[in-house]
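Visitor: One structure, as structure tokens, below. Some questions next.
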Amino acid sequence: MQRSATKDQIDNVVSAIESRQYQARPLPGGERVAIGVLYNKGAVDASMFSGMPGVKEVIAVTRPYKLVSRELSSDDTIINVKDIQIGGNNFVIMAGPCAIESYDQAMKIGEAIVNKGAHIFRGGAYKPRTSPYSFQGLGEEGLKIMAKVREQTGMPIITEVMDFQTFDLVESYTDIIQIGTRNMQNFSLLRRAGQSKKPVFLKRGMAATIDEWLMAAEYILEGGNTQVILCERGVRTFVNHSRNTLDLSAVPVVKKETHLPIMMDPSHAGGHRDQVIPLSLASVAVGAHGIMVEVHHEPDKALSDGAQSLYPEQFEHLCRQVHAIRQVL
Ligand code: PEP
Ligand code: MN
């Protein structure tokens, strides 16, 4: 739609699309609204819409994903979480422990990172662990603790939702809903996330192609939720020097293909503390919109992912280096 298009003009185009048995999804961009035409079989006759008031141009999307595609909306999607903007030229740092272990642990870490560069507090209350015998998270108690950290530090919070059953509960506490690598193609979870009014942080499946990942994001947008942040967290390769392989090349490709922001998780990619800082710096340089890193005040005692958790002092140092690289860029 034209930048000056009125709400009535947008509604009229939506009605025109729907009267032809397609579905319409308006996508608010920074500059203008794009309206996706969905469920068409084959090409749509552009002349149906091109003459309508407020329409700027009719674009045939060539990609299998539509709503997430740059073809549909060339403006970067900016996601607002309180006063933090994710996307565009902003660089956002999410940090915190892998798992919320106790009130004291979470609060200590929150206070150690809040004025040192962290914008958003991360932590798991429901943990997807490889072994059923490993610590599974504190559940709702963990969510309550996170809410207290938010209250105390002012940082918005992000936490993972593992299943459909706990979705409403997690959604009610968190500011950003995280969908983890193991659930990237859990379609019922994606559809539920599509109904949410809260931003969704969608991690790339550890063996997913970029097309599969963007199609997973498409499920969420198709459901009506346009606030999706992508996160590259390393993919499974043949190496054993790192936990996963951070796919830096995903960033320029994803930025070309989609208007959605892309962040990096160097912690789960590297798996070892000493790899996290260099991979974070590479993430800045390659053009990511932010990083998510694990921090623990006592990594040796952490109930999960201690080996990849930074000490608070290392985190502070990392944030200074991130800013230095941003200046150079
Ligand atoms: C996490 O961020 O806590 C997590 C489990 O990450 P991933 O889904 O990338 O393994
Ligand atoms: Mn972890």
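Ligands are numbered from 1 in the order shown, residues from 1 within each chain, and chains are lettered A, B, ... in the order they appear in the structure tokens.
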Collect all residues with atoms no farther than 10 Å from ligand 2, counting only C-alpha atoms and all ligand atoms, and output them as a list in words.
Guide: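 Those within range of ligand 2 are Gly96, Pro97, Cys98, Ala99, Gly123, Gly124, Lys127, Pro128, Arg129, Asp265, Ser267, His268, Gly271, Val293, Glu294, Val295, Leu303, Ser304, Asp305, Gly306, Ala307, Gln308 and Ser309 of chain A.
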Visitor: Tell me which protein, DNA and RNA residues are within 12 Å of range 132-140 of chain A, counting only C-alpha atoms, leaving out same-chain ones fewer than 5 positions away, and put them as number ranges by chain.
Guide: A: 97-103, 106, 123-127, 145-147, 159-162, 166-174, 302-305
Visitor: Suppose we keep C-alpha atoms; can you now write the selection as a short mmCIF file (atom, residue, chain, number, x, y, z; two decimals), in the first residue's frame?
Guide:
```cif
data_model
loop_
_atom_site.label_atom_id
_atom_site.label_comp_id
_atom_site.auth_asym_id
_atom_site.auth_seq_id
_atom_site.Cartn_x
_atom_site.Cartn_y
_atom_site.Cartn_z
CA PRO A 97 21.60 -18.31 32.91
CA CYS A 98 20.70 -21.36 30.87
CA ALA A 99 18.25 -22.41 33.60
CA ILE A 100 16.64 -20.57 36.47
CA GLU A 101 17.88 -22.54 39.48
CA SER A 102 16.80 -20.43 42.44
CA TYR A 103 15.74 -16.91 43.36
CA ALA A 106 18.70 -15.60 39.08
CA GLY A 123 16.52 -17.98 31.56
CA GLY A 124 14.84 -21.34 31.21
CA ALA A 125 12.01 -22.48 33.47
CA TYR A 126 11.11 -25.44 31.26
CA LYS A 127 14.28 -27.02 29.94
CA ILE A 145 11.48 -15.84 39.78
CA MET A 146 12.02 -14.35 36.32
CA ALA A 147 9.15 -11.94 36.87
CA THR A 159 11.99 -17.81 28.30
CA GLU A 160 11.34 -20.97 26.35
CA VAL A 161 7.99 -22.62 25.88
CA MET A 162 8.35 -26.35 25.33
CA THR A 166 2.23 -24.91 29.21
CA PHE A 167 1.93 -22.28 26.48
CA ASP A 168 -0.70 -20.08 28.15
CA LEU A 169 1.22 -20.09 31.41
CA VAL A 170 4.59 -19.20 29.89
CA GLU A 171 2.96 -16.57 27.68
CA SER A 172 1.33 -14.92 30.69
CA TYR A 173 4.68 -14.33 32.41
CA THR A 174 7.16 -13.64 29.64
CA ALA A 302 25.38 -24.55 37.15
CA LEU A 303 22.66 -27.16 36.74
CA SER A 304 22.90 -26.88 32.96
CA ASP A 305 25.33 -25.57 30.37
#
```
Visitor: As a PyMOL selection string, please: every residue in range 99-249 of chain A that DSSP puts in strand (DSSP E).
Guide: chain A and resi 120-122+157-160+176-179+200-203+228-232
Visitor: Go ahead and write the residues just picked, N, CA, C and O atoms, as a compact mmCIF listing (two decimals), in the first residue's frame.
Guide:
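Final file, selection.txt:
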```txt
# COMPACT_ATOMS: atom_id res chain seq x y z
N ILE A 120 18.01 -7.56 27.84
CA ILE A 120 16.90 -8.49 28.12
C ILE A 120 17.46 -9.67 28.91
O ILE A 120 18.56 -10.17 28.61
N PHE A 121 16.70 -10.11 29.93
CA PHE A 121 17.14 -11.22 30.78
C PHE A 121 16.60 -12.53 30.24
O PHE A 121 15.39 -12.67 30.05
N ARG A 122 17.49 -13.49 30.01
CA ARG A 122 17.05 -14.81 29.54
C ARG A 122 17.17 -15.82 30.68
O ARG A 122 17.95 -15.65 31.62
N ILE A 157 11.93 -9.96 29.98
CA ILE A 157 12.43 -11.34 30.07
C ILE A 157 12.03 -12.18 28.87
O ILE A 157 11.02 -11.93 28.21
N ILE A 158 12.88 -13.16 28.61
CA ILE A 158 12.59 -14.13 27.55
C ILE A 158 12.80 -15.53 28.12
O ILE A 158 13.79 -15.77 28.82
N THR A 159 11.86 -16.43 27.83
CA THR A 159 11.99 -17.81 28.30
C THR A 159 11.34 -18.75 27.30
O THR A 159 10.49 -18.36 26.51
N GLU A 160 11.79 -19.99 27.36
CA GLU A 160 11.34 -20.97 26.35
C GLU A 160 10.02 -21.63 26.72
O GLU A 160 9.79 -21.98 27.87
N ILE A 176 8.97 -12.11 25.87
CA ILE A 176 9.25 -12.72 24.57
C ILE A 176 9.19 -14.23 24.76
O ILE A 176 9.74 -14.78 25.71
N ILE A 177 8.50 -14.89 23.83
CA ILE A 177 8.34 -16.34 23.89
C ILE A 177 9.44 -17.00 23.05
O ILE A 177 9.55 -16.71 21.86
N GLN A 178 10.22 -17.85 23.68
CA GLN A 178 11.28 -18.54 22.93
C GLN A 178 10.82 -19.92 22.49
O GLN A 178 10.26 -20.67 23.29
N ILE A 179 11.04 -20.22 21.21
CA ILE A 179 10.82 -21.59 20.73
C ILE A 179 12.19 -22.14 20.39
O ILE A 179 12.95 -21.54 19.62
N VAL A 200 7.89 -13.58 19.31
CA VAL A 200 8.37 -14.96 19.36
C VAL A 200 9.82 -15.00 18.88
O VAL A 200 10.15 -14.41 17.85
N PHE A 201 10.65 -15.68 19.64
CA PHE A 201 12.08 -15.83 19.32
C PHE A 201 12.23 -17.26 18.80
O PHE A 201 12.12 -18.22 19.57
N LEU A 202 12.41 -17.39 17.51
CA LEU A 202 12.39 -18.72 16.88
C LEU A 202 13.80 -19.17 16.54
O LEU A 202 14.42 -18.69 15.59
N LYS A 203 14.27 -20.14 17.30
CA LYS A 203 15.61 -20.66 17.04
C LYS A 203 15.60 -21.60 15.84
O LYS A 203 14.61 -22.29 15.58
N VAL A 228 8.25 -11.76 14.90
CA VAL A 228 9.12 -12.93 15.02
C VAL A 228 10.57 -12.49 14.90
O VAL A 228 10.93 -11.72 14.02
N ILE A 229 11.37 -13.01 15.82
CA ILE A 229 12.83 -12.77 15.80
C ILE A 229 13.45 -14.13 15.51
O ILE A 229 13.14 -15.12 16.20
N LEU A 230 14.31 -14.20 14.52
CA LEU A 230 14.98 -15.47 14.21
C LEU A 230 16.26 -15.55 15.03
O LEU A 230 16.87 -14.52 15.33
N CYS A 231 16.67 -16.77 15.36
CA CYS A 231 17.95 -16.92 16.08
C CYS A 231 18.73 -18.12 15.55
O CYS A 231 18.25 -19.25 15.63
N GLU A 232 19.91 -17.83 15.04
CA GLU A 232 20.84 -18.89 14.62
C GLU A 232 21.62 -19.33 15.85
O GLU A 232 22.22 -18.50 16.54
```
Visitor: So that I can check the secondary structure, give me every residue of range 13-244 of chain A assigned alpha helix (DSSP H) by backbone DSSP, as a PyMOL selection string.
Guide: chain A and resi 13-18+47-50+103-113+140-153+167-173+187-194+210-222
Visitor: Looking at only C-alpha atoms, which of A:Pro199, A:Phe187, A:Gln9, A:Val37 is the one that sits closest to Lys82 in chain A?
Guide: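 Ranking A:Pro199, A:Phe187, A:Gln9, A:Val37 by distance to Lys82 in chain A, first place goes to A:Pro199.
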Visitor: Go through A:Ala250, A:Ala112, A:Met52, A:Ala216 and flag the residue nearest Lys66 in chain A, using only C-alpha atoms for the distances.
Guide: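 Nearest to Lys66 in chain A: A:Ala216.
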Visitor: Have a look at CA of Lys7 in chain A and CA of Gly30 in chain A and let me know their distance in Å, one decimal.
Guide: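 These two atoms are separated by 15.6 Å.
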Visitor: For ligand 1, which residue out of A:Gly36, A:Pro299, A:Pro53, A:Gly180 is the nearest one, using only C-alpha atoms and all ligand atoms?
Guide: A:Gly180
Visitor: Between A:Arg243, A:Lys41, A:Arg3, A:Lys108, which one has atoms that come closest to Gly29 in chain A, using only C-alpha atoms?
Guide: A:Arg3
Visitor: So, with only C-alpha atoms and all ligand atoms as the atoms that count, which of A:Asn40, A:Ser69, A:Thr181, A:Asn115 lies closest to ligand 1?
Guide: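 Closest to ligand 1, using only C-alpha atoms and all ligand atoms: A:Thr181.
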Visitor: Ranking A:Pro28, A:Gly117, A:Pro278, A:Pro156 by minimum distance to Asp83 in chain A and counting only C-alpha atoms, which one comes first?
Guide: A:Pro156
Visitor: List the spatial neighbours of Asp211 in chain A as a list in words - criterion: any atom at most 10 Å away, only C-alpha atoms, same-chain residues fewer than 6 positions off excluded.
Guide: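 Listing them by chain and then by number gives Arg63, Pro64, Tyr65, Ala217, Val254 and Glu257 of chain A.
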Visitor: Any chance you could export the current selection's C-alpha atoms as a PDB file, in the first residue's frame?
Guide:
```
ATOM      1  CA  ARG A  63       9.422 -17.634  -2.679  1.00  0.00           C
ATOM      2  CA  PRO A  64       7.600 -20.519  -0.983  1.00  0.00           C
ATOM      3  CA  TYR A  65       7.326 -18.383   2.152  1.00  0.00           C
ATOM      4  CA  ALA A 217       8.405 -18.513  10.846  1.00  0.00           C
ATOM      5  CA  VAL A 254      18.467 -14.415   6.011  1.00  0.00           C
ATOM      6  CA  GLU A 257      15.420 -13.213   2.220  1.00  0.00           C
TER       7      GLU A 257
END
```
Visitor: What separation in Å, quoted to one decimal, exists between CA of Gly234 in chain A and CA of Ser280 in chain A?
Guide: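 Answer for the CA of Gly234 in chain A to CA of Ser280 in chain A separation: 12.3 Å.
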Visitor: Might you pull out every residue within 9 Å of Ala208 in chain A, with only C-alpha atoms counted and same-chain residues fewer than 4 positions away left off, and present them as a compact mmCIF listing (two decimals) with N, CA, C and O atoms, in the first residue's frame?
Guide:
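The file below, part10.txt, is the result:
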```
# COMPACT_ATOMS: atom_id res chain seq x y z
N MET A 184 11.56 -26.35 16.49
CA MET A 184 11.38 -25.42 15.37
C MET A 184 10.28 -25.88 14.40
O MET A 184 9.61 -25.06 13.79
N ARG A 204 16.72 -21.61 15.15
CA ARG A 204 16.83 -22.49 13.99
C ARG A 204 17.03 -23.94 14.45
O ARG A 204 17.83 -24.20 15.35
N GLU A 212 13.56 -24.15 5.48
CA GLU A 212 12.70 -24.79 6.49
C GLU A 212 12.46 -23.86 7.67
O GLU A 212 11.34 -23.79 8.22
N TRP A 213 13.49 -23.15 8.04
CA TRP A 213 13.41 -22.22 9.17
C TRP A 213 12.45 -21.08 8.84
O TRP A 213 11.56 -20.72 9.63
N VAL A 235 24.49 -25.23 13.97
CA VAL A 235 23.91 -26.43 13.37
C VAL A 235 24.84 -27.62 13.60
O VAL A 235 26.02 -27.46 13.88
```
